[in-house]
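> Below is a structure I'd like to ask you about.
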Amino acid sequence: MCAGPQYPGRAVVPPGGGTPVVEEPLPPAGTEKNLPTATVFALTADPKVCDKLRALPNVTIYPYQDVLEFLGDDKLTGVRFKSTKEDATERTVNCDGVFEYIGLEPTAGFCKDLGILDRSGCIKTDQFMATSRPGIFAAGDIIVKFLRQVATACGDGAIAGNSAAKYVEARR
Ligand SMILES: Cc1cc2nc3c(=O)[nH]c(=O)nc-3n(C[C@H](O)[C@H](O)[C@H](O)COP(=O)(O)OP(=O)(O)OC[C@H]3O[C@@H](n4cnc5c(N)ncnc54)[C@H](O)[C@@H]3O)c2cc1C
């Protein structure tokens with residue numbers, strides 16, 4: 001929830017169920033200044049991270065929910081959601097921001113026969129952003145990596161572009 005610090009003292013909802021959405025509210029919600037109030041729809045993530053999240057006073061957790069509706073006309077005012085459990089309870093949370101972060105599904109299926117994907121479906125590259133297939137380079141969120149952010153995607157792109165140019169140049 002990189003945008004969390006831009007919502008000081010305001011309420012945000014990061015729907016999601018995995019480790020990224022549970023981990024990411026921790027830094028902004030856990031700082032003493034500029035507390036946003038986060039309502040998280042989780043918890044299928046790492047139990048230790050979930051425990052840290054539960055301990056934050058300004059975070060409310062509603063596990064296993066389906067978002068039904070974003071409320072508001074010109075401006076977001078809240079989220080309506082429903083429990084996926086048997087009781088199917090519906091609730092509305094008033095909030096100033098929603099950060100959708102519902103899993104990561106790599107769209108590299110078109111590469112599946114090339115043998116360059118890992119088990120999660122991301123593309124494996126080396127430090128030059130080269131795959132194991134000569135002449136195929138990859139960059140950004142789609143590769144196997146630790147931190148998926150704009151800055152790292154741009155860095156990957158610069159490296160991949162440079163590597164691809166060198167590859168072409170070497171074959172002239
Ligand atoms: C909710 C959310 C909040 C985020 N907040 C931040 C933030 O505050 N700061 C930050 O640094 N990062 C943030 N990120 C992460 C950041 O958005 C990504 O790391 C970054 O966009 C990755 O860039 P990319 O070019 O690799 O992928 P993308 O930005 O996903 O671009 C990939 C492009 O490829 C296109 N595409 C997909 N398949 C094909 C195909 N087969 N053929 C042609 N085109 C295709 C897609 O349509 C898309 O346009 C956030 C991510 C999410 C989900």
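Residue names in the structure tokens use chain letters A, B, ... in the order shown, residue numbers from 1 in each chain, and ligand numbers from 1 in the order shown.
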Using only C-alpha atoms and all ligand atoms, what are the residues with an atom within 12 Å of ligand 1, set out as JSON, numbers by chain?

{"A": [1, 2, 3, 4, 5, 6, 13, 14, 15, 16, 20, 21, 24, 25, 97, 98, 99, 100, 101, 102, 103, 104, 105, 106, 107, 108, 109, 110, 111, 122, 123, 138, 139, 140, 141, 142, 143, 144, 145, 146, 147, 148, 149, 150, 151, 152, 153, 154, 155, 156, 157, 158, 160]}

> If we count only C-alpha atoms, what is near stretch 78-95 of chain A at a cut-off of 10 Å, once residues fewer than 3 positions away on the same chain are taken out, given as a count of residues only?

22

> Find the distance between atom CA of A:Tyr167 and atom CA of A:Gly135 and write it in Å to one decimal.

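Going from atom CA of A:Tyr167 over to atom CA of A:Gly135 covers 6.7 Å.
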
> Looking only at the backbone, which of the residues in stretch 21-167 of chain A does DSSP tag as strand (DSSP E or B), as an MDAnalysis selection string?

chainID A and resid 37:41 59:61 65:71 78:83 90:94 97:98 117 123 130 137 143

> Could you tell me how far atom CA of A:Ala165 lies from atom CA of A:Phe137, in Å and to one decimal?

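Atom CA of A:Ala165 sits 10.7 Å away from atom CA of A:Phe137.
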
> Could you check how far atom CA of A:Gly161 sits from atom CA of A:Lys112, in Å to one decimal?

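Computing the Euclidean distance for atom CA of A:Gly161 and atom CA of A:Lys112 yields 22.4 Å.
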
> Considering only C-alpha atoms, can you say which of A:Ile159, A:Val49, A:Leu76, A:Ile61 comes closest to A:Gln127?

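Using only C-alpha atoms, the shortest distance to A:Gln127 belongs to A:Ile159.
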
> If you run DSSP over the backbone, which residues in stretch 54-167 of chain A end up alpha helix (DSSP H)? Put them as a VMD selection string.

chain A and resid 54 150 to 167
